[in-house]
>>> print(open('target-v7.txt').read())   # compact mmCIF, C-alpha atoms
# COMPACT_ATOMS: atom_id res chain seq x y z
CA MET A 1 7.63 35.34 -7.05
CA THR A 2 5.02 32.99 -5.69
CA SER A 3 3.99 31.45 -2.39
CA ILE A 4 2.67 28.47 -0.46
CA VAL A 5 -0.50 28.61 1.61
CA PHE A 6 -0.24 26.14 4.49
CA GLU A 7 -2.50 26.02 7.54
CA ASN A 8 -3.72 29.59 6.88
CA ARG A 9 -0.18 30.93 6.66
CA ASN A 10 1.67 32.31 3.70
CA ILE A 11 5.23 31.26 2.89
CA THR A 12 6.85 33.28 0.12
CA LEU A 13 8.97 31.23 -2.26
CA LYS A 14 12.24 32.50 -3.64
CA GLU A 15 13.14 32.25 -7.31
CA ASN A 16 13.41 28.54 -8.34
CA GLU A 17 12.84 27.39 -4.78
CA SER A 18 10.98 24.10 -4.33
CA VAL A 19 7.95 23.80 -2.06
CA LEU A 20 10.01 21.59 0.29
CA ASP A 21 12.89 24.08 0.46
CA GLY A 22 10.40 26.87 1.14
CA PHE A 23 8.98 24.94 4.05
CA LEU A 24 12.40 24.11 5.49
CA ARG A 25 13.59 27.72 5.16
CA ALA A 26 10.45 28.90 6.93
CA GLY A 27 11.25 26.61 9.85
CA HIS A 28 8.94 23.67 9.11
CA HIS A 29 11.56 21.07 9.93
CA ASP A 30 8.87 18.47 10.65
CA ILE A 31 8.26 17.96 6.90
CA PRO A 32 9.89 14.58 6.24
CA ASN A 33 12.49 14.62 3.51
CA GLY A 34 15.35 12.51 2.22
CA CYS A 35 17.00 12.55 -1.19
CA ARG A 36 15.45 15.82 -2.39
CA ALA A 37 15.75 14.43 -5.91
CA GLY A 38 12.26 13.01 -6.37
CA VAL A 39 13.34 9.47 -5.64
CA CYS A 40 12.86 8.54 -2.00
CA GLN A 41 9.28 9.88 -1.84
CA SER A 42 9.50 10.83 1.82
CA CYS A 43 8.43 14.48 1.23
CA ILE A 44 5.00 13.71 -0.25
CA MET A 45 2.37 16.38 0.37
CA LYS A 46 -1.07 17.13 -0.97
CA SER A 47 -2.51 19.99 -3.03
CA ASP A 48 -5.66 20.87 -4.93
CA SER A 49 -3.70 22.97 -7.44
CA ALA A 50 -3.63 20.29 -10.15
CA GLU A 51 -1.74 22.43 -12.66
CA GLU A 52 1.09 23.25 -10.30
CA ILE A 53 1.76 19.71 -9.13
CA THR A 54 1.56 17.62 -12.34
CA HIS A 55 5.30 17.95 -12.99
CA ALA A 56 5.98 16.85 -9.38
CA GLN A 57 4.06 13.58 -9.63
CA ILE A 58 6.55 11.55 -11.68
CA GLY A 59 7.01 8.12 -10.15
CA LEU A 60 3.88 8.28 -7.99
CA THR A 61 1.20 5.61 -8.25
CA GLU A 62 -2.16 6.24 -9.91
CA ALA A 63 -3.72 6.08 -6.44
CA GLN A 64 -1.40 8.79 -5.14
CA LYS A 65 -2.16 10.98 -8.18
CA THR A 66 -5.89 10.49 -7.62
CA LEU A 67 -5.40 11.66 -4.05
CA LYS A 68 -3.59 14.80 -5.36
CA HIS A 69 -0.29 13.86 -3.75
CA PHE A 70 2.95 15.31 -5.07
CA LEU A 71 6.66 15.39 -4.29
CA SER A 72 7.28 18.70 -2.55
CA CYS A 73 11.00 18.63 -3.42
CA GLN A 74 10.16 18.51 -7.14
CA CYS A 75 7.47 21.16 -7.09
CA HIS A 76 8.29 24.66 -8.35
CA PRO A 77 4.92 26.39 -8.58
CA LYS A 78 4.35 29.33 -10.91
CA SER A 79 1.44 30.73 -8.95
CA PRO A 80 0.43 30.51 -5.27
CA ILE A 81 -0.30 26.95 -4.20
CA GLY A 82 -2.33 25.60 -1.28
CA VAL A 83 -0.55 22.69 0.39
CA GLN A 84 -1.62 20.17 3.02
CA SER A 85 0.12 17.42 4.91
CA THR A 86 -0.91 13.91 3.82
CA SER A 87 -0.94 12.62 7.39
CA LEU A 88 -3.87 14.84 8.33
CA SER A 89 -7.14 13.15 7.60
CA SER A 90 -10.20 15.19 6.88
CA GLN A 91 -12.33 16.61 9.62
CA GLN A 92 -14.59 14.66 11.90
CA THR A 93 -18.14 14.21 10.82
CA GLU A 94 -21.13 12.38 12.22
CA GLY A 95 -22.74 9.23 10.86
CA VAL A 96 -26.03 7.55 11.74
CA VAL A 97 -26.33 3.78 12.12
CA ILE A 98 -29.04 2.50 9.75
CA ASP A 99 -28.31 -1.24 9.86
CA LYS A 100 -26.52 -3.70 12.10
CA THR A 101 -26.48 -7.35 10.98
CA LEU A 102 -24.51 -10.36 12.11
CA LEU A 103 -22.79 -11.83 9.02
CA SER A 104 -21.12 -14.72 10.86
CA SER A 105 -20.54 -15.72 14.46
CA ASN A 106 -17.97 -12.94 14.87
CA VAL A 107 -18.49 -10.38 12.09
CA THR A 108 -21.03 -7.56 12.29
CA ARG A 109 -22.01 -5.55 9.25
CA LEU A 110 -22.53 -1.90 10.07
CA ARG A 111 -24.23 0.46 7.66
CA LEU A 112 -24.07 4.20 8.27
CA THR A 113 -25.27 7.27 6.48
CA ALA A 114 -22.79 10.14 6.46
CA ASP A 115 -21.60 12.82 4.09
CA ILE A 116 -18.21 11.44 3.10
CA ASP A 117 -16.51 11.47 -0.26
CA TYR A 118 -14.46 8.28 -0.60
CA ARG A 119 -12.99 5.63 -2.89
CA PRO A 120 -14.21 2.06 -2.20
CA GLY A 121 -11.50 0.24 -0.25
CA GLN A 122 -10.32 3.31 1.68
CA TYR A 123 -10.78 3.31 5.44
CA LEU A 124 -12.46 5.42 8.09
CA THR A 125 -11.70 6.03 11.74
CA LEU A 126 -14.73 5.48 13.96
CA TRP A 127 -14.89 6.97 17.45
CA LYS A 128 -16.69 5.29 20.32
CA ASP A 129 -15.83 8.25 22.56
CA LYS A 130 -12.96 10.72 22.73
CA ASN A 131 -10.49 8.01 23.76
CA ILE A 132 -11.43 4.95 21.75
CA ALA A 133 -11.13 4.93 17.98
CA ARG A 134 -10.68 2.17 15.43
CA CYS A 135 -10.17 1.99 11.66
CA TYR A 136 -12.44 0.05 9.32
CA SER A 137 -12.30 -0.29 5.55
CA LEU A 138 -15.19 0.52 3.23
CA ALA A 139 -17.01 -2.30 1.44
CA SER A 140 -19.59 -0.01 -0.14
CA HIS A 141 -19.51 1.98 -3.37
CA PRO A 142 -20.66 5.63 -3.44
CA ASN A 143 -22.36 5.25 -6.84
CA LYS A 144 -24.14 2.02 -5.92
CA GLN A 145 -25.06 2.34 -2.27
CA ASN A 146 -26.21 5.43 -0.40
CA TYR A 147 -24.68 4.18 2.85
CA LEU A 148 -21.22 3.33 4.15
CA GLU A 149 -20.68 -0.37 4.84
CA LEU A 150 -18.09 -1.66 7.31
CA HIS A 151 -17.39 -5.17 8.59
CA ILE A 152 -16.56 -5.24 12.29
CA LYS A 153 -14.80 -8.32 13.58
CA HIS A 154 -15.69 -9.02 17.18
CA LEU A 155 -12.66 -9.53 19.39
CA THR A 156 -12.98 -10.91 22.91
CA ASP A 157 -12.28 -7.94 25.20
CA GLY A 158 -12.23 -5.64 22.16
CA ALA A 159 -13.17 -2.25 23.60
CA PHE A 160 -14.63 -1.05 20.32
CA SER A 161 -16.01 -4.22 18.76
CA SER A 162 -17.76 -5.29 21.97
CA TRP A 163 -19.45 -1.91 22.08
CA VAL A 164 -20.54 -2.27 18.44
CA LYS A 165 -21.93 -5.71 19.21
CA SER A 166 -23.91 -4.85 22.33
CA GLY A 167 -23.92 -1.10 22.91
CA LEU A 168 -24.50 0.47 19.51
CA ASN A 169 -28.03 0.59 18.09
CA ILE A 170 -29.80 1.56 14.90
CA GLY A 171 -30.43 5.31 14.92
CA ASP A 172 -27.36 6.04 17.07
CA LYS A 173 -24.91 8.71 15.99
CA ILE A 174 -21.21 7.97 15.69
CA LYS A 175 -18.20 10.21 15.03
CA ILE A 176 -16.30 9.41 11.84
CA GLN A 177 -13.05 10.68 10.41
CA GLY A 178 -11.54 10.03 7.01
CA PRO A 179 -11.29 8.60 4.50
CA LEU A 180 -7.65 7.55 4.36
CA GLY A 181 -5.72 4.89 2.50
CA LYS A 182 -4.54 4.31 -1.04
CA CYS A 183 -5.59 0.72 -1.56
CA PHE A 184 -8.33 1.29 -4.13
CA TYR A 185 -9.02 0.35 -7.74
CA THR A 186 -6.57 1.74 -10.25
CA ALA A 187 -5.62 -0.63 -13.05
CA GLY A 188 -5.48 -1.18 -16.76
CA LYS A 189 -8.96 -2.38 -17.68
CA ALA A 190 -7.62 -5.52 -19.36
CA GLN A 191 -5.10 -6.39 -16.63
CA PRO A 192 -5.78 -9.65 -14.79
CA LEU A 193 -6.67 -8.82 -11.17
CA LEU A 194 -5.92 -10.84 -8.08
CA LEU A 195 -8.09 -9.71 -5.17
CA SER A 196 -7.10 -11.63 -2.07
CA ALA A 197 -8.24 -11.26 1.53
CA ILE A 198 -8.38 -13.08 4.81
CA GLY A 199 -11.00 -12.39 7.46
CA THR A 200 -12.68 -8.99 7.25
CA GLY A 201 -10.14 -8.03 4.60
CA LEU A 202 -13.14 -9.02 2.50
CA ALA A 203 -14.66 -5.57 3.20
CA PRO A 204 -12.16 -3.47 1.21
CA ILE A 205 -11.89 -6.25 -1.38
CA LEU A 206 -15.66 -6.00 -1.95
CA GLY A 207 -15.33 -2.24 -2.35
CA ILE A 208 -12.48 -2.65 -4.85
CA LEU A 209 -14.37 -5.39 -6.73
CA GLN A 210 -17.50 -3.23 -7.04
CA ASP A 211 -15.39 -0.35 -8.29
CA ALA A 212 -13.60 -2.53 -10.87
CA LEU A 213 -16.96 -3.70 -12.25
CA GLU A 214 -18.41 -0.18 -12.14
CA LYS A 215 -15.43 1.17 -14.07
CA GLY A 216 -15.80 -1.49 -16.78
CA HIS A 217 -12.83 -3.71 -15.94
CA HIS A 218 -12.84 -6.48 -18.55
CA GLY A 219 -9.75 -8.49 -17.64
CA ALA A 220 -10.07 -11.62 -15.52
CA ILE A 221 -10.79 -11.06 -11.83
CA HIS A 222 -9.46 -13.73 -9.47
CA LEU A 223 -11.05 -13.52 -6.05
CA LEU A 224 -9.11 -15.57 -3.48
CA LEU A 225 -10.40 -15.60 0.08
CA GLY A 226 -8.85 -17.26 3.08
CA ALA A 227 -10.01 -18.17 6.59
CA ARG A 228 -8.89 -20.31 9.46
CA SER A 229 -11.98 -22.49 9.32
CA PRO A 230 -14.77 -22.69 6.67
CA ASP A 231 -17.45 -21.42 9.06
CA ASN A 232 -15.50 -18.13 9.26
CA PHE A 233 -16.40 -17.27 5.67
CA TYR A 234 -19.29 -14.83 5.33
CA LEU A 235 -21.33 -13.37 2.46
CA VAL A 236 -20.66 -16.66 0.66
CA ASP A 237 -23.96 -16.71 -1.25
CA ALA A 238 -23.71 -13.05 -2.22
CA LEU A 239 -20.22 -13.65 -3.60
CA LYS A 240 -21.32 -16.77 -5.46
CA ASN A 241 -24.17 -14.81 -7.06
CA LEU A 242 -21.82 -12.04 -8.06
CA ALA A 243 -19.46 -14.56 -9.67
CA ALA A 244 -22.38 -16.23 -11.45
CA GLN A 245 -23.48 -12.88 -12.90
CA ASN A 246 -20.00 -11.83 -14.01
CA ARG A 247 -18.17 -14.51 -15.95
CA GLN A 248 -14.83 -12.76 -15.63
CA ILE A 249 -14.84 -13.47 -11.87
CA SER A 250 -13.38 -16.67 -10.52
CA LEU A 251 -14.01 -17.25 -6.84
CA THR A 252 -12.03 -19.49 -4.49
CA PHE A 253 -12.36 -20.01 -0.74
CA VAL A 254 -9.37 -21.61 0.99
CA TYR A 255 -9.48 -22.60 4.67
CA GLN A 256 -6.81 -23.91 6.99
CA ASN A 257 -8.57 -26.34 9.34
CA ILE A 258 -11.75 -28.34 9.51
CA PRO A 259 -13.80 -26.91 12.40
CA ALA A 260 -14.05 -28.93 15.60
CA GLN A 261 -17.23 -31.05 15.65
CA ASN A 262 -18.86 -29.51 18.70
CA ASN A 263 -18.31 -26.03 17.35
CA THR A 264 -20.30 -26.34 14.22
CA ASN A 265 -23.53 -27.43 12.73
CA SER A 266 -23.03 -31.02 11.57
CA GLU A 267 -25.33 -30.27 8.63
CA ALA A 268 -23.02 -27.54 7.41
CA ASP A 269 -21.83 -28.02 3.85
CA PHE A 270 -18.33 -26.73 3.25
CA SER A 271 -17.98 -28.06 -0.29
CA PHE A 272 -17.83 -24.45 -1.60
CA ALA A 273 -14.34 -24.19 -0.11
CA VAL A 274 -11.05 -26.06 -0.40
CA GLN A 275 -8.79 -26.98 2.47
CA GLY A 276 -5.17 -25.91 2.24
CA ASP A 277 -2.61 -23.21 2.77
CA ILE A 278 -3.60 -20.01 0.96
CA TYR A 279 0.04 -19.12 0.20
CA GLN A 280 0.74 -22.52 -1.34
CA TYR A 281 -2.56 -22.41 -3.19
CA CYS A 282 -1.70 -19.00 -4.63
CA LYS A 283 1.81 -20.10 -5.59
CA LYS A 284 0.51 -23.18 -7.38
CA THR A 285 -2.46 -21.51 -9.09
CA TYR A 286 -0.67 -18.33 -10.15
CA PRO A 287 2.95 -19.31 -10.81
CA ASP A 288 3.49 -16.41 -13.22
CA MET A 289 2.04 -13.10 -12.07
CA LYS A 290 3.75 -10.86 -14.59
CA GLY A 291 1.28 -8.16 -15.60
CA TYR A 292 -1.12 -8.84 -12.74
CA ARG A 293 -2.67 -6.04 -10.69
CA VAL A 294 -2.83 -7.29 -7.10
CA PHE A 295 -4.90 -6.13 -4.10
CA LEU A 296 -4.23 -7.70 -0.68
CA CYS A 297 -6.33 -6.98 2.39
CA GLY A 298 -6.32 -8.33 5.94
CA ALA A 299 -3.89 -8.97 8.78
CA GLU A 300 -0.47 -7.42 8.22
CA SER A 301 1.27 -10.81 8.38
CA PHE A 302 -0.89 -11.91 5.43
CA THR A 303 -0.42 -8.82 3.25
CA THR A 304 3.35 -8.82 3.89
CA LYS A 305 3.84 -12.49 3.02
CA MET A 306 1.54 -12.33 -0.01
CA ARG A 307 3.11 -9.14 -1.32
CA LYS A 308 6.54 -10.74 -1.30
CA GLN A 309 5.22 -13.90 -2.90
CA CYS A 310 3.34 -12.08 -5.68
CA PHE A 311 6.34 -9.82 -6.33
CA LEU A 312 8.71 -12.79 -6.59
CA ALA A 313 6.18 -14.48 -8.91
CA GLY A 314 6.61 -11.57 -11.32
CA ALA A 315 4.06 -8.90 -10.37
CA SER A 316 5.57 -5.42 -10.48
CA MET A 317 5.91 -3.76 -7.05
CA GLY A 318 3.95 -0.76 -8.30
CA ASP A 319 1.08 -3.10 -9.21
CA ILE A 320 0.64 -4.50 -5.70
CA SER A 321 -1.59 -2.59 -3.28
CA ALA A 322 -2.27 -3.67 0.26
CA ASP A 323 -4.60 -2.69 3.07
CA ALA A 324 -2.85 -4.11 6.15
CA PHE A 325 -4.93 -4.36 9.32
CA ILE A 326 -2.71 -3.42 12.21
CA PRO A 327 -3.80 -4.44 15.71
CA PHE A 328 -4.48 -1.71 18.23
CA HIS A 329 -2.19 -1.39 21.21
CA THR A 330 -3.20 1.89 22.76
CA SER A 331 -6.63 3.28 23.33
CA THR A 332 -5.81 6.95 23.22
CA LEU A 333 -4.79 7.86 19.71
CA PRO A 334 -6.22 7.39 16.24
CA PRO A 335 -3.96 5.06 14.25
CA SER A 336 -1.56 6.48 11.76
CA PRO A 337 -2.32 5.50 8.15
CA MET B 1 24.78 12.71 -22.61
CA SER B 2 25.05 11.42 -19.05
CA LEU B 3 25.30 7.74 -18.20
CA TYR B 4 21.84 8.05 -16.63
CA GLU B 5 20.38 9.32 -19.91
CA LYS B 6 22.29 6.74 -21.96
CA LEU B 7 20.78 3.97 -19.85
CA GLY B 8 17.28 5.37 -20.47
CA GLY B 9 16.61 7.65 -17.49
CA ASP B 10 13.74 7.19 -15.08
CA ALA B 11 11.91 4.63 -17.25
CA ALA B 12 15.00 2.40 -17.33
CA ILE B 13 15.32 2.53 -13.55
CA ASN B 14 11.72 1.54 -13.13
CA ALA B 15 12.31 -1.50 -15.34
CA ALA B 16 15.51 -2.37 -13.52
CA VAL B 17 14.45 -1.89 -9.92
CA ASP B 18 11.87 -4.72 -9.86
CA ILE B 19 14.40 -7.16 -11.37
CA PHE B 20 17.18 -6.03 -9.04
CA TYR B 21 15.01 -6.18 -5.91
CA ARG B 22 13.85 -9.70 -6.82
CA LYS B 23 17.48 -10.76 -7.17
CA VAL B 24 18.64 -9.45 -3.80
CA LEU B 25 15.54 -10.82 -2.05
CA THR B 26 16.35 -14.30 -3.31
CA ASP B 27 20.11 -14.03 -2.83
CA ASP B 28 20.88 -15.95 0.38
CA ARG B 29 24.06 -13.98 0.92
CA VAL B 30 22.18 -10.68 1.42
CA SER B 31 18.43 -11.31 1.46
CA GLU B 32 18.18 -10.72 5.23
CA PHE B 33 19.11 -7.05 4.72
CA PHE B 34 16.30 -6.53 2.24
CA GLU B 35 13.52 -8.35 4.07
CA SER B 36 11.14 -5.77 5.41
CA THR B 37 7.53 -5.50 6.46
CA ASP B 38 7.38 -2.35 4.38
CA MET B 39 8.44 -3.65 0.99
CA GLU B 40 7.20 -0.52 -0.76
CA ALA B 41 9.59 1.62 1.27
CA GLN B 42 12.42 -0.87 0.63
CA HIS B 43 11.57 -0.74 -3.06
CA ALA B 44 11.82 3.07 -3.01
CA LYS B 45 15.26 2.76 -1.37
CA GLN B 46 16.37 0.36 -4.09
CA LYS B 47 15.26 2.90 -6.64
CA ALA B 48 17.28 5.61 -4.90
CA PHE B 49 20.31 3.29 -4.90
CA MET B 50 19.92 2.48 -8.59
CA THR B 51 19.50 6.15 -9.48
CA MET B 52 22.82 6.77 -7.78
CA ALA B 53 24.44 3.75 -9.45
CA PHE B 54 23.27 5.04 -12.83
CA GLY B 55 24.83 8.42 -12.10
CA GLY B 56 21.40 10.04 -12.07
CA PRO B 57 19.98 12.97 -10.11
CA SER B 58 20.61 11.89 -6.55
CA ASN B 59 21.53 13.95 -3.55
CA TYR B 60 22.83 11.02 -1.58
CA THR B 61 26.18 11.82 -0.13
CA GLY B 62 28.91 9.57 1.22
CA LYS B 63 27.76 10.62 4.69
CA ASP B 64 24.21 9.35 4.00
CA MET B 65 25.59 6.07 2.67
CA ARG B 66 27.75 5.67 5.76
CA GLU B 67 24.90 6.53 8.14
CA ALA B 68 22.42 4.17 6.45
CA HIS B 69 24.72 1.14 6.58
CA LYS B 70 26.48 1.84 9.86
CA HIS B 71 24.91 -0.80 12.09
CA MET B 72 24.67 -3.63 9.57
CA ASN B 73 28.15 -5.14 10.05
CA LEU B 74 28.60 -5.53 6.32
CA THR B 75 31.58 -7.30 4.78
CA ASP B 76 33.21 -7.37 1.35
CA GLU B 77 31.19 -10.47 0.58
CA HIS B 78 27.90 -8.60 1.11
CA PHE B 79 29.05 -5.69 -1.00
CA ASN B 80 30.20 -7.93 -3.81
CA ALA B 81 26.94 -9.92 -3.74
CA VAL B 82 24.84 -6.77 -4.24
CA ALA B 83 27.20 -5.55 -6.97
CA GLU B 84 26.90 -8.92 -8.73
CA ASP B 85 23.11 -8.76 -8.53
CA LEU B 86 23.20 -5.30 -10.03
CA VAL B 87 25.43 -6.42 -12.91
CA ALA B 88 23.19 -9.47 -13.50
CA THR B 89 20.20 -7.11 -13.67
CA LEU B 90 21.89 -4.94 -16.27
CA ASN B 91 22.90 -8.01 -18.27
CA GLU B 92 19.32 -9.21 -18.20
CA LEU B 93 18.24 -5.84 -19.60
CA GLU B 94 20.91 -6.21 -22.31
CA VAL B 95 22.77 -3.06 -21.34
CA ALA B 96 26.05 -2.61 -23.27
CA GLN B 97 29.16 -3.82 -21.43
CA GLU B 98 30.87 -0.41 -21.54
CA LEU B 99 27.89 1.16 -19.73
CA ILE B 100 27.88 -1.65 -17.16
CA ASP B 101 31.55 -0.90 -16.55
CA GLU B 102 30.67 2.73 -15.84
CA VAL B 103 28.00 1.66 -13.35
CA VAL B 104 30.49 -0.63 -11.59
CA THR B 105 32.94 2.27 -11.31
CA ILE B 106 30.31 4.46 -9.63
CA VAL B 107 29.22 1.70 -7.25
CA SER B 108 32.81 0.80 -6.34
CA GLY B 109 33.34 4.44 -5.37
CA ALA B 110 30.72 4.03 -2.64
CA LYS B 111 32.28 0.87 -1.21
CA ASP B 112 34.21 2.43 1.66
CA ASP B 113 31.17 4.40 2.78
CA VAL B 114 28.89 1.37 2.67
CA LEU B 115 31.37 -0.82 4.56
CA ASN B 116 32.15 2.02 6.96
CA LYS B 117 35.89 1.88 6.34
>>> encode(input="target-v7.txt", output="structure tokens")
Amino acid sequence: MTSIVFENRNITLKENESVLDGFLRAGHHDIPNGCRAGVCQSCIMKSDSAEEITHAQIGLTEAQKTLKHFLSCQCHPKSPIGVQSTSLSSQQTEGVVIDKTLLSSNVTRLRLTADIDYRPGQYLTLWKDKNIARCYSLASHPNKQNYLELHIKHLTDGAFSSWVKSGLNIGDKIKIQGPLGKCFYTAGKAQPLLLSAIGTGLAPILGILQDALEKGHHGAIHLLLGARSPDNFYLVDALKNLAAQNRQISLTFVYQNIPAQNNTNSEADFSFAVQGDIYQYCKKTYPDMKGYRVFLCGAESFTTKMRKQCFLAGASMGDISADAFIPFHTSTLPPSP
Amino acid sequence: MSLYEKLGGDAAINAAVDIFYRKVLTDDRVSEFFESTDMEAQHAKQKAFMTMAFGGPSNYTGKDMREAHKHMNLTDEHFNAVAEDLVATLNELEVAQELIDEVVTIVSGAKDDVLNK
């Protein structure tokens, strides 16, 4: 007879009882569940007991396995197992602002030092105060940079981003929670990669790109970035240098509209980018995506449309990861992952 | 050996579900029911459906089927379209006709529940 340890409580398991059934019998009816056959994946939980959960990870993605997720309905542990809910992020910690730089007219790069174990491309929740929190994805790499890097897009009337722009200073402390998210590098090293982002979706894409290079990815890496207007692109030179140093990287900037004259420097040279529709561009350039590993980051409308398009072009659903930025409607709760 | 095992078990479903989901998403007769902002979740549902259609380990009951499709106002035409897409998927994977027939029998058994009859 064995047991589950959950939130400092012990739940004894009956003979051949699954972790999910143990929870339900003990009155935890808030554990989501559906088919109870290892198919619908609604009962996913998390555990550090690697040996006990391996057999309950069939059908999960590499990212989920890395995060120690398992299907509680398929798990029949032989010895006591510690289990956590996947919706609970790790505890709050404190970061210190070490750099704040404007990358474009409306994107601020924030660098923080904090003790957080993360995968590049995951996201953190940042707290302005006890009521206002926002999520930002990580552009940095723990093995390459000793700080966390986030790209904050400034929104007019944005309670958080306005504070970052004018109220937050170097040396200030800020509450952080996380990391969360499963949009990070897992791939066959020879697989062609499509990394595509609009706006500050570039942040997690940079994290994923750094991780792919760090892990020795040797397949082609297609970096496809979109923006409304060419002056919205940022880190252009850094990206160009990266592509020049790594021949496997191809880099394309696609923008929708030419900026209005009075809005922009007339000297500005936008020849690095092409004008067009990023969806059409992707369709035309990558008509057959069979075997591709795809990462999509940015506004939810973008990741949804691109996911469908890449899937219909032949990419396997399990090979498409997305970090969808969801706008904030309330100012009281941290967003759900 | 069960039909599910004969078809190749979990690995076969994984191969089939991408093909099947692409077919229904591009099938004008039914695509609207499969459009979703959460395509991963939809994909997982398709896998659950195919596991059932293959006679595999599934706890879905007629009641679940009925509940899930209750408010969709589905007709025979919708049901037949999905069944056709499923058969086309199996043909594409070169599954033997006698096994396809078995799948069709299982799926037909769920028709009344899906159409809420």
>>> closest_residue(input="target-v7.txt", among="A:Pro32, A:Leu150, A:Ala197, A:Leu209", to="Leu102 (chain A)", atoms="only C-alpha atoms")
A:Leu150
>>> closest_residue(input="target-v7.txt", among="A:Ile326, A:Ile4, A:Leu148, A:Cys35", to="chain B", atoms="all atoms listed in the file")
A:Cys35
>>> interface_residues(input="target-v7.txt", of="chain A", to="chain B", cutoff="10 Å", atoms="all atoms listed in the file", output="MDAnalysis selection string")
chainID A and resid 34:42 58:59 300:301 303:305 307:308 311:318 320:321
>>> residues_around(input="target-v7.txt", residues="region 85-100 of chain B", least_positions_apart="5", cutoff="8 Å", atoms="only C-alpha atoms", output="number ranges by chain")
B: 3, 7, 16, 19-20, 23-24
>>> atom_distance(input="target-v7.txt", atom1="CA of Phe54 (chain B)", atom2="CA of Val82 (chain B)")
14.7 Å
>>> decode(input="target-v7.txt", residues="region 223-235 of chain A", atoms="N, CA, C and O atoms", output="PDB file, in the first residue's frame")
ATOM      1  N   LEU A 223      14.055  32.413 -38.849  1.00  0.00           N
ATOM      2  CA  LEU A 223      13.560  33.415 -37.915  1.00  0.00           C
ATOM      3  C   LEU A 223      12.692  34.389 -38.706  1.00  0.00           C
ATOM      4  O   LEU A 223      13.187  35.075 -39.607  1.00  0.00           O
ATOM      5  N   LEU A 224      11.396  34.427 -38.396  1.00  0.00           N
ATOM      6  CA  LEU A 224      10.457  35.244 -39.163  1.00  0.00           C
ATOM      7  C   LEU A 224       9.740  36.199 -38.210  1.00  0.00           C
ATOM      8  O   LEU A 224       8.974  35.773 -37.356  1.00  0.00           O
ATOM      9  N   LEU A 225      10.039  37.481 -38.361  1.00  0.00           N
ATOM     10  CA  LEU A 225       9.507  38.474 -37.427  1.00  0.00           C
ATOM     11  C   LEU A 225       8.565  39.438 -38.123  1.00  0.00           C
ATOM     12  O   LEU A 225       8.844  39.895 -39.240  1.00  0.00           O
ATOM     13  N   GLY A 226       7.469  39.751 -37.464  1.00  0.00           N
ATOM     14  CA  GLY A 226       6.485  40.633 -38.063  1.00  0.00           C
ATOM     15  C   GLY A 226       6.225  41.866 -37.205  1.00  0.00           C
ATOM     16  O   GLY A 226       6.399  41.835 -35.988  1.00  0.00           O
ATOM     17  N   ALA A 227       5.819  42.955 -37.864  1.00  0.00           N
ATOM     18  CA  ALA A 227       5.438  44.175 -37.153  1.00  0.00           C
ATOM     19  C   ALA A 227       4.483  44.957 -38.028  1.00  0.00           C
ATOM     20  O   ALA A 227       4.412  44.746 -39.242  1.00  0.00           O
ATOM     21  N   ARG A 228       3.763  45.877 -37.390  1.00  0.00           N
ATOM     22  CA  ARG A 228       2.832  46.688 -38.152  1.00  0.00           C
ATOM     23  C   ARG A 228       3.615  47.620 -39.087  1.00  0.00           C
ATOM     24  O   ARG A 228       3.316  47.712 -40.260  1.00  0.00           O
ATOM     25  N   SER A 229       4.639  48.257 -38.531  1.00  0.00           N
ATOM     26  CA  SER A 229       5.408  49.186 -39.351  1.00  0.00           C
ATOM     27  C   SER A 229       6.906  48.950 -39.087  1.00  0.00           C
ATOM     28  O   SER A 229       7.274  48.471 -38.010  1.00  0.00           O
ATOM     29  N   PRO A 230       7.788  49.216 -40.056  1.00  0.00           N
ATOM     30  CA  PRO A 230       9.196  48.802 -39.903  1.00  0.00           C
ATOM     31  C   PRO A 230       9.905  49.467 -38.732  1.00  0.00           C
ATOM     32  O   PRO A 230      10.870  48.920 -38.211  1.00  0.00           O
ATOM     33  N   ASP A 231       9.428  50.643 -38.299  1.00  0.00           N
ATOM     34  CA  ASP A 231      10.089  51.274 -37.151  1.00  0.00           C
ATOM     35  C   ASP A 231       9.684  50.628 -35.824  1.00  0.00           C
ATOM     36  O   ASP A 231      10.187  51.001 -34.768  1.00  0.00           O
ATOM     37  N   ASN A 232       8.785  49.626 -35.879  1.00  0.00           N
ATOM     38  CA  ASN A 232       8.454  48.871 -34.664  1.00  0.00           C
ATOM     39  C   ASN A 232       9.469  47.764 -34.372  1.00  0.00           C
ATOM     40  O   ASN A 232       9.507  47.226 -33.269  1.00  0.00           O
ATOM     41  N   PHE A 233      10.257  47.391 -35.378  1.00  0.00           N
ATOM     42  CA  PHE A 233      11.247  46.337 -35.132  1.00  0.00           C
ATOM     43  C   PHE A 233      12.313  46.866 -34.184  1.00  0.00           C
ATOM     44  O   PHE A 233      12.686  48.035 -34.232  1.00  0.00           O
ATOM     45  N   TYR A 234      12.809  46.005 -33.319  1.00  0.00           N
ATOM     46  CA  TYR A 234      13.885  46.401 -32.404  1.00  0.00           C
ATOM     47  C   TYR A 234      14.931  45.287 -32.339  1.00  0.00           C
ATOM     48  O   TYR A 234      14.683  44.172 -32.780  1.00  0.00           O
ATOM     49  N   LEU A 235      16.087  45.606 -31.817  1.00  0.00           N
ATOM     50  CA  LEU A 235      17.229  44.677 -31.770  1.00  0.00           C
ATOM     51  C   LEU A 235      17.613  44.187 -33.171  1.00  0.00           C
ATOM     52  O   LEU A 235      18.125  43.075 -33.319  1.00  0.00           O
TER      53      LEU A 235
END
